[in-house]
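So this one's start-v2.cif, mmCIF, C-alpha atoms:
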```
data_entry
loop_
_atom_site.label_atom_id
_atom_site.label_comp_id
_atom_site.auth_asym_id
_atom_site.auth_seq_id
_atom_site.Cartn_x
_atom_site.Cartn_y
_atom_site.Cartn_z
CA ILE N 1 37.96 42.85 -74.05
CA LYS N 2 37.69 39.39 -75.57
CA LYS N 3 38.29 40.79 -79.08
CA LEU N 4 41.37 42.63 -77.90
CA GLU N 5 42.68 39.53 -76.13
CA ASP N 6 42.16 37.50 -79.30
CA LEU N 7 43.95 40.15 -81.35
CA THR N 8 46.93 40.57 -79.01
CA LYS N 9 47.09 37.02 -77.67
CA LYS N 10 47.49 38.58 -74.22
CA LYS N 11 45.40 38.33 -71.08
CA ILE N 12 43.75 41.64 -70.19
CA ARG N 13 42.80 42.48 -66.63
CA VAL N 14 40.39 45.30 -65.88
CA LEU N 15 41.71 47.33 -62.96
CA THR N 16 39.72 49.09 -60.31
CA ARG N 17 40.30 52.79 -59.73
CA GLU N 18 42.03 51.88 -56.46
CA GLU N 19 44.47 49.55 -58.25
CA THR N 20 45.21 52.24 -60.83
CA GLU N 21 45.92 54.84 -58.17
CA SER N 22 47.98 52.50 -55.98
CA ASP N 23 51.51 51.16 -56.59
CA PHE N 24 50.10 48.04 -58.28
CA LEU N 25 51.09 48.99 -61.85
CA ILE N 26 54.46 50.37 -60.82
CA GLU N 27 55.31 47.17 -58.93
CA GLN N 28 54.28 45.08 -61.96
CA ALA N 29 56.38 47.25 -64.30
CA LYS N 30 59.52 46.71 -62.18
CA THR N 31 59.77 43.04 -63.14
CA LYS N 32 57.92 42.62 -66.44
CA ASN N 33 56.65 44.38 -69.53
CA ILE N 34 53.10 45.54 -69.04
CA ALA N 35 50.67 47.76 -70.93
CA PHE N 36 48.13 50.08 -69.36
CA LEU N 37 45.26 50.58 -71.81
CA VAL N 38 42.85 53.49 -71.49
CA PRO N 39 40.13 54.91 -73.73
CA GLY N 40 41.21 58.11 -75.46
CA ASP N 41 44.58 59.74 -74.97
CA PRO N 42 46.47 58.32 -71.98
CA LEU N 43 47.58 61.65 -70.52
CA THR N 44 44.22 63.38 -70.27
CA ALA N 45 43.73 62.01 -66.76
CA THR N 46 45.94 63.27 -63.93
CA THR N 47 46.17 59.75 -62.49
CA HIS N 48 47.90 58.60 -65.64
CA MET N 49 50.49 61.38 -65.47
CA SER N 50 51.24 60.36 -61.89
CA LEU N 51 52.12 56.89 -63.25
CA VAL N 52 54.59 58.48 -65.67
CA LEU N 53 56.16 60.48 -62.84
CA GLU N 54 56.51 57.37 -60.67
CA CYS N 55 58.18 55.50 -63.54
CA LYS N 56 60.65 58.36 -63.99
CA LYS N 57 61.39 58.55 -60.25
CA ARG N 58 62.04 54.79 -60.09
CA SER N 59 63.94 54.59 -63.40
CA ILE N 60 61.33 52.33 -64.99
CA ASP N 61 61.27 52.50 -68.79
CA TYR N 62 57.95 53.41 -70.37
CA ASP N 63 56.46 54.39 -73.72
CA ILE N 64 53.33 56.44 -74.30
CA VAL N 65 51.17 55.79 -77.34
CA HIS N 66 48.93 58.80 -77.88
CA ALA N 67 45.45 58.29 -79.25
CA SER N 68 42.35 60.20 -80.18
CA SER N 69 40.82 62.17 -77.37
CA ILE N 70 37.47 63.71 -76.59
CA PHE N 71 39.38 66.95 -76.06
CA THR N 72 40.04 67.20 -79.80
CA ALA N 73 37.11 65.15 -81.12
CA VAL N 74 34.67 67.82 -79.93
CA ALA N 75 35.98 70.07 -82.72
CA GLU N 76 33.74 68.01 -85.01
CA THR N 77 30.81 69.91 -83.49
CA GLY N 78 32.11 73.03 -85.24
CA LEU N 79 33.17 74.82 -82.07
CA HIS N 80 36.70 76.23 -82.03
CA LEU N 81 38.93 74.34 -79.61
CA TYR N 82 40.79 77.44 -78.45
CA LYS N 83 37.51 78.90 -77.18
CA PHE N 84 36.94 76.15 -74.60
CA GLY N 85 37.36 77.07 -70.96
CA ARG N 86 37.99 74.68 -68.12
CA THR N 87 36.54 71.19 -68.58
CA VAL N 88 34.29 69.84 -65.83
CA THR N 89 33.21 66.37 -64.77
CA LEU N 90 29.62 66.03 -63.61
CA ALA N 91 29.36 63.56 -60.74
CA LEU N 92 26.26 61.61 -59.86
CA PRO N 93 24.91 63.02 -56.59
CA GLU N 94 24.68 60.69 -53.63
CA LYS N 95 23.16 61.00 -50.19
CA GLY N 96 24.99 63.89 -48.52
CA TYR N 97 27.02 64.60 -51.68
CA PHE N 98 25.80 67.01 -54.34
CA PRO N 99 28.81 68.86 -55.79
CA SER N 100 27.98 72.22 -57.35
CA SER N 101 31.51 73.09 -58.49
CA PRO N 102 30.96 71.77 -62.06
CA TYR N 103 27.96 74.05 -62.46
CA ASP N 104 29.87 76.97 -60.96
CA MET N 105 32.67 76.46 -63.51
CA ILE N 106 30.17 76.27 -66.38
CA CYS N 107 28.80 79.64 -65.23
CA GLU N 108 32.34 81.06 -64.97
CA ASN N 109 33.23 79.86 -68.47
CA LYS N 110 29.95 81.23 -69.84
CA LYS N 111 30.57 84.61 -68.16
CA ASN N 112 33.95 84.71 -69.92
CA GLY N 113 32.40 83.77 -73.29
CA LEU N 114 34.04 80.33 -73.27
CA HIS N 115 32.58 76.94 -74.15
CA THR N 116 32.44 74.22 -71.48
CA LEU N 117 33.06 70.55 -72.12
CA VAL N 118 31.08 68.58 -69.53
CA LEU N 119 32.34 65.03 -69.04
CA LEU N 120 30.08 62.49 -67.36
CA ASP N 121 31.32 60.62 -64.32
CA THR N 122 32.39 57.14 -65.42
CA LYS N 123 32.45 55.70 -61.88
CA SER N 124 28.68 55.65 -61.60
CA GLU N 125 25.53 54.91 -63.53
CA MET N 126 25.61 58.41 -65.01
CA ASP N 127 24.00 58.65 -68.42
CA LEU N 128 23.15 61.63 -70.61
CA ARG N 129 19.53 61.86 -69.47
CA LYS N 130 20.52 61.85 -65.78
CA ALA N 131 23.30 64.39 -66.41
CA LEU N 132 20.90 66.79 -68.13
CA GLU N 133 18.38 66.39 -65.30
CA ILE N 134 21.11 67.29 -62.78
CA LEU N 135 22.19 70.35 -64.77
CA ILE N 136 18.59 71.52 -65.18
CA TYR N 137 18.05 71.10 -61.44
CA MET N 138 21.17 73.17 -60.64
CA ASP N 139 20.50 75.86 -63.25
CA LYS N 140 19.94 78.84 -60.97
CA GLU N 141 21.74 81.21 -63.40
CA ASN N 142 19.48 80.17 -66.28
CA ILE N 143 22.43 79.21 -68.50
CA LEU N 144 20.41 76.35 -69.99
CA SER N 145 17.91 78.81 -71.47
CA ASP N 146 20.39 78.86 -74.39
CA LYS N 147 20.91 75.86 -76.64
CA ILE N 148 23.55 73.27 -75.78
CA ILE N 149 25.21 70.41 -77.61
CA VAL N 150 25.10 66.74 -76.69
CA ALA N 151 27.38 64.36 -78.50
CA GLY N 152 28.73 60.88 -78.31
CA LYS N 153 30.34 57.92 -79.99
CA PHE N 154 32.92 60.09 -81.76
CA GLY N 155 35.07 58.10 -84.16
CA SER N 156 32.34 55.60 -84.96
CA LYS N 157 29.64 55.31 -87.58
CA GLU N 158 27.07 55.76 -84.78
CA LYS N 159 28.39 59.25 -83.88
CA ILE N 160 25.66 61.59 -82.66
CA ILE N 161 25.80 65.38 -82.39
CA LYS N 162 22.63 67.27 -81.41
CA TYR N 163 22.15 70.98 -80.80
CA GLY N 164 19.08 72.20 -78.94
CA TYR N 165 17.54 72.94 -75.59
CA ALA N 166 18.50 70.65 -72.71
CA LYS N 167 14.93 69.49 -72.10
CA ASP N 168 14.71 68.36 -75.75
CA LEU N 169 18.00 66.46 -75.79
CA MET N 170 17.11 63.65 -73.37
CA ILE N 171 18.39 60.94 -75.70
CA ASP N 172 20.29 57.74 -75.09
CA ILE N 173 23.96 58.01 -76.07
CA TYR N 174 26.89 56.33 -74.39
CA PRO N 175 29.60 57.45 -74.09
CA ALA N 176 28.43 61.04 -74.22
CA VAL N 177 29.45 64.59 -73.42
CA ILE N 178 27.58 67.84 -72.99
CA ILE N 179 28.89 71.12 -74.35
CA VAL N 180 27.60 74.44 -73.07
CA PRO N 181 28.60 76.99 -75.73
CA GLY N 182 29.94 80.39 -74.81
CA ASN N 183 30.02 83.31 -77.25
CA LEU N 184 29.81 81.98 -80.78
CA HIS N 185 31.89 83.07 -83.76
CA PHE N 186 29.74 83.26 -86.91
CA MET N 187 31.46 80.15 -88.31
CA GLU N 188 30.75 78.22 -85.10
CA GLU N 189 27.13 79.31 -85.20
CA GLU N 190 26.80 78.21 -88.82
CA ALA N 191 28.35 74.83 -88.02
CA ILE N 192 26.36 73.98 -84.91
CA ASN N 193 23.08 75.01 -86.53
CA LEU N 194 23.64 72.10 -88.93
CA TRP N 195 23.19 69.72 -86.00
#
```

File written out as structure tokens:
Amino acid sequence: IKKLEDLTKKKIRVLTREETESDFLIEQAKTKNIAFLVPGDPLTATTHMSLVLECKKRSIDYDIVHASSIFTAVAETGLHLYKFGRTVTLALPEKGYFPSSPYDMICENKKNGLHTLVLLDTKSEMDLRKALEILIYMDKENILSDKIIVAGKFGSKEKIIKYGYAKDLMIDIYPAVIIVPGNLHFMEEEAINLW
């Protein structure tokens, strides 16, 4: 943040999720010019679209600057973007909270021959190793008997893309995603085997 403040000569405040989802930004935007900075493309999160809708409802001017997104960066793996099914976010289980819906959607996508992009929960201490352990624990349908892709740091010189079995991909990457491939086109198969 310090580098960005030095570059822009502006003070940057990191918001909590609660502040982002409340009227805080809208109230600020009524009386002054503000910028809401997010990693990736600003409209990939539903919360961010709700901010746009509120601005429109209240006649507050806004501009959107689109940026690179994980939703398109994953094409670098060699998988065809139009063959991705619904994206899921894997949450870190807590006492009394162990959501299985992400795994259920991975199974549904797989059944339909579609790839699944698995995002890791950013609200917690979720890392790639923990995410893979959770998926392996939930894998009642044996979908992880096939190879998967782990990737991270797209757009940087430290980019990592690995293709293999989940148990062999317990590496440290942050930020990271997991991709569970569906049916592979021969070009996709050729590409991911390079990783």

Polymer residues at most 10 Å from Lys11 of chain N, all atoms listed in the file, same-chain spacing of 5 or more positions, as number ranges by chain: N: 1-2, 4-6

Just C-alpha atoms for this one: save the residues we selected as a PDB file, in the coordinates of the input.
```pdb
ATOM      1  CA  ILE N   1      37.960  42.850 -74.050  1.00  0.00           C
ATOM      2  CA  LYS N   2      37.690  39.390 -75.570  1.00  0.00           C
ATOM      3  CA  LEU N   4      41.370  42.630 -77.900  1.00  0.00           C
ATOM      4  CA  GLU N   5      42.680  39.530 -76.130  1.00  0.00           C
ATOM      5  CA  ASP N   6      42.160  37.500 -79.300  1.00  0.00           C
TER       6      ASP N   6
END
```

Nearest candidate to Glu76 of chain N (options N:His185, N:Val180, N:Gly152, N:Lys30; using all atoms listed in the file): N:Gly152

Give me, as a ChimeraX atom specification, all polymer residues having an atom no more than 9 Å from segment 14-23 of chain N, counting only C-alpha atoms and skipping those fewer than 4 positions away in the same chain. /N:1,27-28,47-48,50-51,54,123

Test item: the PyMOL selection byres ((chain N and resi 92-108) around 9) resolved as a VMD selection string: chain N and resid 85 to 91 109 to 118 120 to 121 123 to 126 130 to 131 134 to 135 138 to 139 141 143 180

Produce a file of the selected residues containing C-alpha atoms, as a short mmCIF file (atom, residue, chain, number, x, y, z; two decimals), keeping the file's coordinate frame.
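Saved as out-v9.cif:
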```
data_model
loop_
_atom_site.label_atom_id
_atom_site.label_comp_id
_atom_site.auth_asym_id
_atom_site.auth_seq_id
_atom_site.Cartn_x
_atom_site.Cartn_y
_atom_site.Cartn_z
CA GLY N 85 37.36 77.07 -70.96
CA ARG N 86 37.99 74.68 -68.12
CA THR N 87 36.54 71.19 -68.58
CA VAL N 88 34.29 69.84 -65.83
CA THR N 89 33.21 66.37 -64.77
CA LEU N 90 29.62 66.03 -63.61
CA ALA N 91 29.36 63.56 -60.74
CA ASN N 109 33.23 79.86 -68.47
CA LYS N 110 29.95 81.23 -69.84
CA LYS N 111 30.57 84.61 -68.16
CA ASN N 112 33.95 84.71 -69.92
CA GLY N 113 32.40 83.77 -73.29
CA LEU N 114 34.04 80.33 -73.27
CA HIS N 115 32.58 76.94 -74.15
CA THR N 116 32.44 74.22 -71.48
CA LEU N 117 33.06 70.55 -72.12
CA VAL N 118 31.08 68.58 -69.53
CA LEU N 120 30.08 62.49 -67.36
CA ASP N 121 31.32 60.62 -64.32
CA LYS N 123 32.45 55.70 -61.88
CA SER N 124 28.68 55.65 -61.60
CA GLU N 125 25.53 54.91 -63.53
CA MET N 126 25.61 58.41 -65.01
CA LYS N 130 20.52 61.85 -65.78
CA ALA N 131 23.30 64.39 -66.41
CA ILE N 134 21.11 67.29 -62.78
CA LEU N 135 22.19 70.35 -64.77
CA MET N 138 21.17 73.17 -60.64
CA ASP N 139 20.50 75.86 -63.25
CA GLU N 141 21.74 81.21 -63.40
CA ILE N 143 22.43 79.21 -68.50
CA VAL N 180 27.60 74.44 -73.07
#
```

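Atom CA of Phe154 of chain N lies 27.0 Å from atom CA of Val52 of chain N.
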
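Here the residues that fall within 7 Å of (34.3, 76.9, -78.7), using all atoms listed in the file, are given as Leu79, His80, Leu81, Tyr82, Lys83, Phe84, Leu114, His115, Pro181 and Gly182 of chain N.
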
Edge lengths and centre, in Å to one decimal, as lines of an AutoDock Vina configuration file: that's what I need for the box along x, y and z that holds all listed atoms of segment 51-58 of chain N plus 8 Å on each side.
```
center_x = 57.1
center_y = 57.6
center_z = -62.9
size_x = 25.9
size_y = 21.7
size_z = 21.6
```

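For the set N:Val150, N:Leu169, N:Lys32, N:Gly78, the residue with the smallest atom-to-atom gap to Phe186 of chain N is N:Gly78, counting only C-alpha atoms.
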
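Atom CA of Tyr163 of chain N to atom CA of Ala67 of chain N spans 26.6 Å [interatomic distance, one decimal].
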
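Picked by the PyMOL selection byres ((chain N and resi 165) around 8) from the coordinates shown: Leu144, Ser145, Asp146, Lys147, Ile148, Tyr163, Gly164, Ala166, Lys167, Asp168 and Leu169 of chain N.
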
Between atom CA of Val74 of chain N and atom CA of Ile149 of chain N, what is the distance, to one decimal in Å? 10.1 Å
